[in-house]
2 protein chains.
Amino acid sequence: MAQKGDLLSFRPDIKVLDATIRDGGLVNDFYFTDEFIKDLYQTNVKAGVDYMEFGYRADKEMFDVDKFGKWKFASDEHIREIVGENDTDLKLAIMADVGRCNYKEDIHDRSESPLDLIRVATYVNTMPAAIDMIEDAKRKGYEVTCNIMAISNAKESDIATALEMLGKSCVDGIYIVDSFGSLFPEQIRKIADQYLEVGEKYGKYIGMHAHNNQQLAFANTIEACAQGVSYLDATMSGMGRGAGNCAIELLLGFLKNPKYKLFPVVQFIEKQMVPLLESGIEWGFDIPYMITGHLNQHPRAAIAAMKEGRKDYTEFYKEIIDKD
Amino acid sequence: MAQKGDLLSFRPDIKVLDATIRDGGLVNDFYFTDEFIKDLYQTNVKAGVDYMEFGYRADKEMFDVDKFGKWKFASDEHIREIVGENDTDLKLAIMADVGRCNYKEDIHDRSESPLDLIRVATYVNTMPAAIDMIEDAKRKGYEVTCNIMAISNAKESDIATALEMLGKSCVDGIYIVDSFGSLFPEQIRKIADQYLEVGEKYGKYIGMHAHNNQQLAFANTIEACAQGVSYLDATMSGMGRGAGNCAIELLLGFLKNPKYKLFPVVQFIEKQMVPLLESGIEWGFDIPYMITGHLNQHPRAAIAAMKEGRKDYTEFYKEIIDKD
């Protein structure tokens with residue numbers, strides 16, 4: 001498809017979603033201070049960010065509430081403590097994972113919740129469960145998106161089938177997710193075309209969620225955008241699992257809609273993200289993440305290596321190659 | 001133009017140039033140990049890298065030899081001490097800056113030198129001096145390229161004039177240089193088309209030299225490559241001025257020519273680059289570099305801020321905006 005938009009004008013269909021708590025929470029087990037979350041919320045409002053994701057709504061029967069910060073379970077009550085009535089233009093979201101969320105009970109009617117958007121995350125092989133969650137959330141009054149994860153390991157024909165299922169569902173938007181950070185811009189453009197075709201056929205918008213294993217999270221996000229993808233995930237300082245995500249400061253610097261402001265984000269990074277990094281919380285590009293990304297693997301081995309402080313990249317590479 | 005090549009095959013016209021000593025030398029004033037340089041040379045040979053740039057050949061009348069390591073002056077003698085007769089497939093290069101190199105005296109006949117390639121670096125407004133240097137190097141028997149620097153600040157019409165001058169000269173290749181790390185992939189594609197058109201008309205190859213201020217050095221390099229650009233600059237761990245360059249480990253992971261080997265590069269990073277970083281030598285993406293890149297400015301203010309260890313990004317942003 002031809003490029004959508006140019007570098008001097010802006011497309012009003014573009015929406016930015018801040019996923020710092022949710023994807024960043026995977027780095028610090030969701031132990032953010034309330035002060036951090038409040039500051040993040042106010043920063044997103046000032047910066048003109050469109051959506052803020054408050055975490056997962058994980059099933060408390062499956063996950064020990066004593067082993068994670070509260071944003072892994074992101075209850076309506078905890079969100080309300082931060083946002084009050086949320087009398088702003090910022091819409092609020094949570095993520096609900098297939099198989100890890102007791103959605104029928106834990107997701108309440110929108111009229112009783114501060115939330116606007118439910119983001120259902122699934123693998124290609126659990127689409128029927130995802131569709132059930134999507135229908136449930138839609139019935140309760142929410143905007144609903146679906147993230148199909150780990151597509152770099154899925155067959156094109158399976159992705160096509162999943163997209164058709166979603167096209168025919170009541171979902172509002174469908175996300176391209178490069179879980180392993182293994183995709184190159186030329187692949188992203190083709191995948192975006194495939195998703196956008198389904199989106200146009202069924203009236204769904206398309207989103208992009210990128211990882212930085214090969215230093216391509218920002219590039220893949222703006223390349224998807226240039227193809228016509230309109231919902232763009234990003235996080236403060238790129239905070240997110242492993243190599244992290246598309247940095248919101250880069251994305252807001254790129255987008256031309258005058259409602260987006262870079263300055264409050266720079267303030268937030270100075271005030272909150274620099275101390276977080278200095279406290280020893282680690283994420284971002286490093287050789288082990290590059291190697292798993294390069295080999296199109298889940299970053300778990302790289303995350304483990306980084307946690308152990310390993311710098312023996314050569315041994316790590318040999319181990320990973322050996323596992324293939 | 002249509003994409004050149006795909007992700008499964010390889011283009012034999014692609015050449016990788018390791019610029020670690022030259023661009024990385026800007027970070028540590030060219031004080032590399034001989035052991036580092038020897039290891040780098042052997043790594044490049046093992047990794048199948050096509051060219052290795054040994055530094056600048058700066059004019060010793062202009063620059064104090066006591067204030068810089070020897071690779072700022074990269075003499076034939078010092079290079080010979082590392083490579084001997086260079087009985088390998090790796091070609092050797094130096095960079096010669098317009099106005100900072102006494103080329104008539106300091107660049108000797110190729111028959112007396114270990115070098116294969118002279119890289120002439122110029123701004124758009126010093127093209128006649130660059131052409132004189134190109135002709136001098138060509139007469140002495142070298143392959144010659146020309147880097148037109150800081151093009152993000154130059155007018156398209158001036159770039160077109162410069163390209164025509166180079167097209168009609170005896171230069172072998174012309175480099176796109178994103179000195180400020182301010183260009184996005186969609187701009188790189190257009191610029192690559194412009195350069196490639198001249199290249200096809202006059203029989204010159206086109207190269208890419210990227211900077212990482214917006215985490216786009218690797219992305220811009222492979223996007224230029226997909227447009228048909230064939231000479232790709234990269235450095236170990238992205239070492240280079242300010243935010244650094246395209247990381248050679250990412251580039252070799254992307255390229256499919258079986259002659260390129262990632263493993264020796266990972267070994268080199270573990271053995272040489274990790275200790276270099278731990279010794280306090282600093283480069284790579286950070287907010288001040290993002291801000292100068294975003295504003296299409298030379299990174300010198302950001303480099304100064306980083307040297308002072310400043311983390312007051314907000315104040316830095318205000319200062320830079322104020323200077324505009």
# chains A, B, ... in the order shown; residues from 1 in each chain; ligands from 1
>>> interface_residues(of="chain B", to="chain A", cutoff="7 Å", atoms="only C-alpha atoms", output="PyMOL selection string")
chain B and resi 214-216+219+250+253+266-267+270+294+311-314
>>> residues_around(residues="Asp59 in chain B", least_positions_apart="3", cutoff="9 Å", atoms="only C-alpha atoms", output="PyMOL selection string")
chain B and resi 62-63+73+99-103+106
>>> residues_around(residues="Ile107 in chain B", least_positions_apart="4", cutoff="9 Å", atoms="only C-alpha atoms", output="NGL selection string")
:B and (57 or 75-76 or 101-103 or 113 or 118 or 136-137 or 140)
>>> write_last_selection(atoms="N, CA, C and O atoms", output="mmCIF file, in the first residue's frame")
data_model
loop_
_atom_site.group_PDB
_atom_site.id
_atom_site.type_symbol
_atom_site.label_atom_id
_atom_site.label_comp_id
_atom_site.auth_asym_id
_atom_site.auth_seq_id
_atom_site.Cartn_x
_atom_site.Cartn_y
_atom_site.Cartn_z
ATOM 1 N N ARG B 57 43.106 10.592 8.766
ATOM 2 C CA ARG B 57 44.488 11.001 8.534
ATOM 3 C C ARG B 57 44.529 12.516 8.696
ATOM 4 O O ARG B 57 44.590 13.278 7.733
ATOM 5 N N SER B 75 48.613 6.673 10.367
ATOM 6 C CA SER B 75 49.670 6.648 9.343
ATOM 7 C C SER B 75 49.777 5.255 8.732
ATOM 8 O O SER B 75 49.406 4.250 9.353
ATOM 9 N N ASP B 76 50.298 5.200 7.520
ATOM 10 C CA ASP B 76 50.525 3.903 6.871
ATOM 11 C C ASP B 76 51.391 2.999 7.756
ATOM 12 O O ASP B 76 51.159 1.786 7.841
ATOM 13 N N CYS B 101 43.061 17.711 6.391
ATOM 14 C CA CYS B 101 44.001 16.666 5.956
ATOM 15 C C CYS B 101 44.933 17.253 4.903
ATOM 16 O O CYS B 101 44.481 17.851 3.924
ATOM 17 N N ASN B 102 46.221 17.095 5.140
ATOM 18 C CA ASN B 102 47.236 17.556 4.180
ATOM 19 C C ASN B 102 47.462 16.429 3.173
ATOM 20 O O ASN B 102 48.506 15.797 3.125
ATOM 21 N N TYR B 103 46.426 16.194 2.353
ATOM 22 C CA TYR B 103 46.374 14.969 1.543
ATOM 23 C C TYR B 103 47.476 14.889 0.502
ATOM 24 O O TYR B 103 47.974 13.813 0.211
ATOM 25 N N SER B 113 51.299 1.873 0.175
ATOM 26 C CA SER B 113 50.419 1.983 1.342
ATOM 27 C C SER B 113 49.629 0.692 1.562
ATOM 28 O O SER B 113 49.327 -0.029 0.604
ATOM 29 N N ILE B 118 40.116 5.427 0.181
ATOM 30 C CA ILE B 118 40.176 6.735 0.849
ATOM 31 C C ILE B 118 38.754 7.284 0.893
ATOM 32 O O ILE B 118 38.076 7.367 -0.134
ATOM 33 N N ASP B 136 42.949 13.593 -6.326
ATOM 34 C CA ASP B 136 44.288 13.283 -5.832
ATOM 35 C C ASP B 136 44.399 11.807 -5.425
ATOM 36 O O ASP B 136 45.346 11.112 -5.802
ATOM 37 N N ALA B 137 43.393 11.340 -4.668
ATOM 38 C CA ALA B 137 43.425 9.951 -4.182
ATOM 39 C C ALA B 137 43.273 8.971 -5.340
ATOM 40 O O ALA B 137 43.907 7.905 -5.371
ATOM 41 N N LYS B 140 46.410 8.564 -7.199
ATOM 42 C CA LYS B 140 47.375 7.747 -6.450
ATOM 43 C C LYS B 140 46.987 6.266 -6.432
ATOM 44 O O LYS B 140 47.705 5.447 -5.855
#
>>> select_by_dssp(residues="range 27-190 of chain A", states="alpha helix (DSSP H)", output="ChimeraX atom specification")
/A:27-28,34-47,76-83,103-106,127-139,156-168,185-190
>>> atom_distance(atom1="CA of Cys225 in chain B", atom2="CA of Arg119 in chain B")
19.5 Å
